[in-house]
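The next block holds one structure in the form of structure tokens; read it before the comments.
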Amino acid sequence: MTAADTEQFDVVVVGGGPAGSSLSTLVAMRGHRVLLLEKEKFPRYQIGESLLPATVLGTCNLLGVGDELRRAGFTVKRGGSFKWGTNPEPWTLDFVASIPGLQVPEPAYQVERMKFDDLLLRNARRNGVDVRENCTVGGVLRDGDRVTGVRFVDREAQPRTALARYVVDASGNGSRIHQEVSGQRIYSDFFRNIALFGYFRGGKRLPAPYSGNILSAAFKSGWFWYIPLRPDLTSVGAVVSREMADKVRGDREQALRALIAESPLISDFLDGVPRVTEGVYGTIRTRKDYSYSAPSFWRPGMVLVGDAACFVDPVLSSGVHLATYSGLLAARSINAVLAGDVPEATAFDEFESRYRREYGNFYEFLVSFYDRHVDENSYFWSAKKITNHPASDLEAFTSLVGGLTTGEQVATEDGIWQPPAIELGTAAGRYPDWDTDRHIRFDPRHPIFEARQWVPGGVPHQGPRPGGLIPSSDGLQWTVPASQPSAG
Ligand code: FAD
């Protein structure tokens with residue numbers, strides 16, 4: 001390889017999904033040279049269509065795409081409706097009605113990911129990121145313990161290298177580059193589900209104002225998602241446990257039809273509605289092995305964001321939130337170090353600690369949510385226990401599943417709104433009478449949580465950890481709180 005095949009950047013990002021495009025935009029906004037390498041040509045298909053208020057009202061506004069998102073014509077999602085737990089009737093969570101202060105007509109959207117991801121990637125380009133599609137990263141370059149760049153094949157199939165102060169792995173679930181940071185992923189032994197999903201030409205909608213809600217419907221073999229993407233397009237997926245794997249084997253069309261027949265609610269909503277059989281939505285797809293965490297999220301010169309680092313389970317639609325939120329957190333760490341304001345270990349421990357805390361909140365809550373022998377009030381109570389939220393059980397639940405317990409600001413009709421301060425409390429021993437045969441007890445020493453800086457025994461849930469950092473006023477980097485001595 002000649003010198004001409006090697007280029008130099010401040011940051012190289014692998015993958016142009018929501019995690020990669022968010023991070024690269026927020027680093028480029030600080031004037032740094034960012035290369036983003038994406039193996040596909042966008043727009044490309046991806047699952048994960050139901051967004052949360054934290055992404056729509058928080059990160060997307062920071063990225064400067066709030067208005068573009070509102071004009072894009074995506075289905076407005078006011079909340080989620082559930083046929084879940086012992087309540088025989090479906091029940092609804094409403095982000096606007098349940099969270100005082102969140103006064104917005106469009107708190108979230110259901111998106112075709114081809115369009116949403118393309119919007120974010122174009123925004124990265126507009127902000128100065130050197131976005132190159134059809135470029136596949138094959139591995140990283142190292143100098144001693146430090147990652148210093150990547151090897152990739154460009155769109156003309158030529159091998160190339162790019163050197164950088166930081167390499168960001170935002171390559172999602174399927175690539176192996178994450179192993180460079182911490183070896184093998186730790187898979188959850190609680191969430192071991194399989195998803196089978198396709199698209200239908202319409203279908204029934206819930207009554208207004210909830211016609212854009214995601215509908216999550218439990219049935220004997222598992223649960224369904226039913227996401228209204230357009231009047232003539234509905235995303236429908238069945239999630240079953242490993243023990244039910246036989247139900248998704250063989251002919252996928254037959255398997256999906258048989259599972260739909262098991263759910264009276266989904267059967268009714270899809271009565272007489274044909275499945276899409278052509279184009280990108282014409283394929284019935286499966287996904288499994290998606291609940292895991294990397295043992296650690298960074299090493300010198302390299303950081304993991306989005307699905308490259310961890311994912312829990314689709315039932316509460318947390319994936320794009322975790323991807324964009326981790327992109328924001330890691331961008332703050334990179335910007336702080338490149339500015340010379342914070343030492344590397346301090347900056348990236350802040351990223352990892354906050355990211356694990358949010359991932360852990362969803363993980364812990366989902367364990368109790370998968371217990372379908374209780375009613376919704378019990379889920380609301382669990383959310384309050386897990387987050388130690390100061391308000392009602394219902395507000396705690398809605399805040400948690402809206403991604404709004406991170407303490408990050410969001411944009412409302414009246415301006416900027418800051419969720420109330422809450423505390424994580426002490427993790428160990430909070431559920432003395434839990435049935436550990438049915439649940440894995442939430443334990444920071446469980447391998448999926450065991451990593452650097454996982455909140456040991458409970459720390460303040462937002463704002464500075466003891467000795468921790470806070471966001472700068474523009475939200476783009478970490479700074480040392482005024483009361484602490486300079487970390488530099
Ligand atoms: P991705 O979106 O996977 O993007 C990674 C990018 O990296 C891709 O474009 C890929 O082409 C590129 N890439 C990969 N390897 C390389 C390489 N070597 N070189 C260059 N580029 C590379 N989330 C929600 O928020 N709502 C939902 O309703 C939801 N439903 C889900 C249902 C299921 C069944 C599953 C499994 C997940 C669901 N998710 C959902 C999660 C969501 O899909 C992911 O969390 C989200 O897409 C992660 O974004 P990302 O940017 O980390 O990765």
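To be explicit about the labels: the chains of the structure tokens are called A, B, and onward in the order shown, and within each one the residues are counted from 1, while ligands get numbers from 1 in the order they are shown.
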According to DSSP computed on the backbone, where in stretch 284-398 of chain A is there helix (DSSP H, G or I)? Give the residues as an MDAnalysis selection string.
chainID A and resid 306:308 314:316 319:338 344:369 376:387 393:398
Can you tell me which residues come within 6 Å of ligand 1 when counting only C-alpha atoms and all ligand atoms, ideally as a PyMOL selection string?
chain A and resi 14-20+37-40+47-51+135-138+170-173+175+195+287+290+306-308+314+317-321+323
Hey, what's within 9 Å of A:Glu352 if we count only C-alpha atoms and toss same-chain stuff fewer than 3 positions away? As number ranges by chain, please?
A: 296-298, 326, 329-330, 347-349, 355-357, 452-454
Find the residue from A:Thr55, A:Gln8, A:Thr2, A:Gln254 that sits nearest to A:Val410; use only C-alpha atoms when measuring.
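Checking each of A:Thr55, A:Gln8, A:Thr2, A:Gln254 against A:Val410, counting only C-alpha atoms, the winner is A:Thr55.
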Show me, as a PDB file with N, CA, C and O atoms, in the first residue's frame, the residues that have an atom within 10 Å of A:Asn193 when counting only C-alpha atoms, minus same-chain residues fewer than 3 positions from it.
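Saved to result_20.pdb:
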```pdb
ATOM      1  N   PHE A 190     -31.449 -14.363  29.579  1.00  0.00           N
ATOM      2  CA  PHE A 190     -32.885 -14.147  29.791  1.00  0.00           C
ATOM      3  C   PHE A 190     -33.600 -13.873  28.465  1.00  0.00           C
ATOM      4  O   PHE A 190     -34.617 -14.480  28.157  1.00  0.00           O
ATOM      5  N   GLY A 222     -45.803 -15.823  22.186  1.00  0.00           N
ATOM      6  CA  GLY A 222     -44.870 -14.698  22.238  1.00  0.00           C
ATOM      7  C   GLY A 222     -45.600 -13.377  22.167  1.00  0.00           C
ATOM      8  O   GLY A 222     -46.584 -13.168  22.868  1.00  0.00           O
ATOM      9  N   VAL A 239     -42.461 -12.137  17.820  1.00  0.00           N
ATOM     10  CA  VAL A 239     -41.265 -12.457  18.600  1.00  0.00           C
ATOM     11  C   VAL A 239     -41.598 -13.656  19.468  1.00  0.00           C
ATOM     12  O   VAL A 239     -42.571 -13.615  20.240  1.00  0.00           O
ATOM     13  N   VAL A 240     -40.815 -14.720  19.326  1.00  0.00           N
ATOM     14  CA  VAL A 240     -41.061 -15.926  20.124  1.00  0.00           C
ATOM     15  C   VAL A 240     -39.777 -16.321  20.845  1.00  0.00           C
ATOM     16  O   VAL A 240     -38.678 -15.946  20.426  1.00  0.00           O
ATOM     17  N   SER A 241     -39.908 -17.053  21.937  1.00  0.00           N
ATOM     18  CA  SER A 241     -38.717 -17.455  22.674  1.00  0.00           C
ATOM     19  C   SER A 241     -38.047 -18.639  21.962  1.00  0.00           C
ATOM     20  O   SER A 241     -38.649 -19.297  21.114  1.00  0.00           O
ATOM     21  N   ARG A 242     -36.788 -18.894  22.344  1.00  0.00           N
ATOM     22  CA  ARG A 242     -36.039 -20.001  21.752  1.00  0.00           C
ATOM     23  C   ARG A 242     -36.803 -21.328  21.832  1.00  0.00           C
ATOM     24  O   ARG A 242     -36.735 -22.163  20.940  1.00  0.00           O
ATOM     25  N   GLU A 243     -37.531 -21.502  22.945  1.00  0.00           N
ATOM     26  CA  GLU A 243     -38.273 -22.754  23.156  1.00  0.00           C
ATOM     27  C   GLU A 243     -39.344 -22.940  22.082  1.00  0.00           C
ATOM     28  O   GLU A 243     -39.806 -24.053  21.836  1.00  0.00           O
ATOM     29  N   MET A 244     -39.764 -21.835  21.445  1.00  0.00           N
ATOM     30  CA  MET A 244     -40.807 -21.885  20.414  1.00  0.00           C
ATOM     31  C   MET A 244     -40.198 -21.838  19.011  1.00  0.00           C
ATOM     32  O   MET A 244     -40.907 -21.544  18.040  1.00  0.00           O
ATOM     33  N   ALA A 245     -38.900 -22.076  18.899  1.00  0.00           N
ATOM     34  CA  ALA A 245     -38.198 -21.875  17.619  1.00  0.00           C
ATOM     35  C   ALA A 245     -38.820 -22.661  16.467  1.00  0.00           C
ATOM     36  O   ALA A 245     -38.788 -22.219  15.316  1.00  0.00           O
ATOM     37  N   ARG A 287     -34.722 -12.435  12.653  1.00  0.00           N
ATOM     38  CA  ARG A 287     -33.537 -11.983  13.405  1.00  0.00           C
ATOM     39  C   ARG A 287     -33.501 -12.744  14.722  1.00  0.00           C
ATOM     40  O   ARG A 287     -34.540 -13.014  15.329  1.00  0.00           O
ATOM     41  N   LYS A 288     -32.293 -13.095  15.148  1.00  0.00           N
ATOM     42  CA  LYS A 288     -32.123 -13.734  16.463  1.00  0.00           C
ATOM     43  C   LYS A 288     -30.778 -13.296  17.038  1.00  0.00           C
ATOM     44  O   LYS A 288     -30.025 -12.587  16.366  1.00  0.00           O
ATOM     45  N   ASP A 289     -30.474 -13.708  18.246  1.00  0.00           N
ATOM     46  CA  ASP A 289     -29.194 -13.376  18.892  1.00  0.00           C
ATOM     47  C   ASP A 289     -28.945 -11.877  18.916  1.00  0.00           C
ATOM     48  O   ASP A 289     -27.855 -11.411  18.601  1.00  0.00           O
ATOM     49  N   TYR A 290     -29.962 -11.118  19.294  1.00  0.00           N
ATOM     50  CA  TYR A 290     -29.781  -9.658  19.289  1.00  0.00           C
ATOM     51  C   TYR A 290     -29.750  -9.044  20.690  1.00  0.00           C
ATOM     52  O   TYR A 290     -29.766  -7.832  20.815  1.00  0.00           O
ATOM     53  N   SER A 291     -29.713  -9.869  21.742  1.00  0.00           N
ATOM     54  CA  SER A 291     -29.690  -9.320  23.104  1.00  0.00           C
ATOM     55  C   SER A 291     -28.327  -9.603  23.733  1.00  0.00           C
ATOM     56  O   SER A 291     -28.048 -10.729  24.162  1.00  0.00           O
ATOM     57  N   ASP A 313     -33.838  -5.692  23.436  1.00  0.00           N
ATOM     58  CA  ASP A 313     -35.028  -6.383  22.950  1.00  0.00           C
ATOM     59  C   ASP A 313     -35.923  -5.338  22.292  1.00  0.00           C
ATOM     60  O   ASP A 313     -35.973  -4.192  22.741  1.00  0.00           O
TER      61      ASP A 313
END
```
Which one of A:Arg354, A:His389, A:Arg205, A:His373 sits closest to A:Gly468 if you count only C-alpha atoms?
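For A:Gly468, the nearest of the candidates is A:Arg354.
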Report as a tab-separated table: every residue of stretch 23-70 of chain A with an atom at most 6 Å from stretch 99-114 of chain A, its closest pair of atoms, and their distance in Å to one decimal, counting only C-alpha atoms, with rows sorted by chain and ascending residue number.
```
residue	atom	partner	partner_atom	distance
A:Pro43	CA	A:Met114	CA	4.9
A:Arg44	CA	A:Met114	CA	5.2
A:Tyr45	CA	A:Met114	CA	5.3
A:Gln46	CA	A:Arg113	CA	5.7
A:Glu49	CA	A:Val111	CA	5.0
A:Ser50	CA	A:Gln110	CA	4.6
A:Leu51	CA	A:Tyr109	CA	5.6
A:Leu52	CA	A:Ala108	CA	5.5
A:Pro53	CA	A:Ala108	CA	4.9
A:Val56	CA	A:Ala108	CA	5.7
```
